$ cat my_file-v8.tsv   # TSV, C-alpha atoms
chain	number	residue	atom	x	y	z
N	18	VAL	CA	-5.10	-32.90	17.91
N	19	ARG	CA	-1.43	-32.81	17.07
N	20	MET	CA	0.98	-31.20	19.52
N	21	LYS	CA	4.00	-29.22	18.34
N	22	GLU	CA	7.30	-30.35	19.78
N	23	VAL	CA	9.34	-27.60	21.34
N	24	GLY	CA	12.95	-28.02	22.35
N	25	GLY	CA	15.81	-25.79	23.33
N	26	PRO	CA	18.17	-24.20	20.80
N	27	GLY	CA	20.19	-26.84	18.97
N	28	GLU	CA	18.30	-29.64	20.75
N	29	GLU	CA	17.35	-32.64	18.64
N	30	LEU	CA	13.64	-33.45	18.61
N	31	SER	CA	12.22	-36.98	18.60
N	32	SER	CA	11.50	-36.58	14.88
N	33	GLY	CA	15.24	-36.22	14.23
N	34	ILE	CA	15.06	-32.53	13.29
N	35	LYS	CA	17.25	-30.03	15.11
N	36	SER	CA	15.40	-27.04	16.52
N	37	GLU	CA	16.92	-23.60	15.92
N	38	GLY	CA	15.15	-21.95	18.84
N	39	THR	CA	12.01	-21.95	20.89
N	40	CYS	CA	8.66	-20.74	19.67
N	41	PHE	CA	9.00	-17.84	22.11
N	42	ASP	CA	11.99	-16.58	20.09
N	43	ASP	CA	9.77	-16.48	17.00
N	44	ILE	CA	7.07	-14.56	18.85
N	45	GLU	CA	9.62	-12.11	20.23
N	46	ARG	CA	11.06	-11.53	16.73
N	47	THR	CA	7.57	-10.96	15.39
N	48	VAL	CA	6.83	-8.39	18.10
N	49	GLU	CA	10.15	-6.64	17.41
N	50	GLN	CA	9.45	-6.63	13.67
N	51	LYS	CA	5.98	-5.18	14.23
N	52	ARG	CA	7.49	-2.48	16.45
N	53	ARG	CA	10.07	-1.57	13.79
N	54	ASP	CA	7.43	-1.56	11.03
N	55	ARG	CA	5.18	0.73	13.06
N	56	GLN	CA	8.05	3.11	13.83
N	57	ALA	CA	8.93	3.25	10.13
N	58	ALA	CA	5.30	3.90	9.19
N	59	LEU	CA	5.04	6.70	11.76
N	60	ARG	CA	8.27	8.27	10.44
N	61	ARG	CA	6.86	8.22	6.89
N	62	PHE	CA	3.54	9.69	8.06
N	63	ARG	CA	5.22	12.50	10.02
N	64	HIS	CA	7.53	13.34	7.12
N	65	LYS	CA	4.63	13.50	4.65
N	66	ARG	CA	2.53	15.55	7.09
N	67	ALA	CA	5.37	18.05	7.57
N	68	ASN	CA	5.73	18.47	3.80
N	69	ARG	CA	2.04	18.83	2.86
N	70	SER	CA	1.31	21.48	0.30
N	71	PHE	CA	-2.07	23.20	0.17
N	72	GLN	CA	-1.13	25.31	-2.84
N	73	LYS	CA	-3.27	25.10	-5.94
N	74	LYS	CA	-1.55	22.80	-8.41
N	75	VAL	CA	-2.55	21.97	-11.98
N	76	ARG	CA	-1.96	18.27	-12.54
N	77	TYR	CA	-3.08	18.04	-16.17
N	78	GLU	CA	-2.27	21.09	-18.28
N	79	CYS	CA	-4.45	19.87	-21.19
N	80	ARG	CA	-7.54	19.76	-18.94
N	81	LYS	CA	-6.78	23.28	-17.70
N	82	GLN	CA	-6.56	24.59	-21.28
N	83	LEU	CA	-9.86	22.90	-22.20
N	84	ALA	CA	-11.63	24.33	-19.12
N	85	ASP	CA	-10.27	27.81	-19.81
N	86	SER	CA	-11.56	27.70	-23.40
N	87	ARG	CA	-15.14	26.61	-22.50
N	88	PRO	CA	-17.81	29.30	-22.09
N	89	ARG	CA	-18.94	30.07	-18.53
N	90	VAL	CA	-21.77	31.94	-16.82
N	91	LYS	CA	-21.18	32.90	-13.18
N	92	GLY	CA	-18.23	30.51	-13.07
N	93	ARG	CA	-20.18	27.47	-14.31
N	94	PHE	CA	-19.80	25.81	-17.70
N	95	VAL	CA	-22.69	26.40	-20.11
N	96	GLY	CA	-23.94	24.96	-23.39
$ encode --input "my_file-v8.tsv" --output "structure tokens"
Amino acid sequence: VRMKEVGGPGEELSSGIKSEGTCFDDIERTVEQKRRDRQAALRRFRHKRANRSFQKKVRYECRKQLADSRPRVKGRFVG
């Protein structure tokens, strides 16, 4: 099992690489990013929910014209 070296900010590790921060900084940034992403998602959801429209809307006019021209009996298409 290989262990990850952790040093303080700007501290040189035995491998000769300078560390930019501790692994805890990365975890904290990840938690903060997740919090911001969730807040943004909730804002989008609430905005869309507030602007929902339950009005009847024809999306494809050509389909509407075809349905209107077909013969019906008691509201159902026939023959």
$ atom_distance --input "my_file-v8.tsv" --atom1 "atom CA of N:Lys91" --atom2 "atom CA of N:Lys73"
20.8 Å
$ atom_distance --input "my_file-v8.tsv" --atom1 "atom CA of N:Thr47" --atom2 "atom CA of N:His64"
25.7 Å
$ atom_distance --input "my_file-v8.tsv" --atom1 "atom CA of N:Val48" --atom2 "atom CA of N:Ala67"
28.5 Å
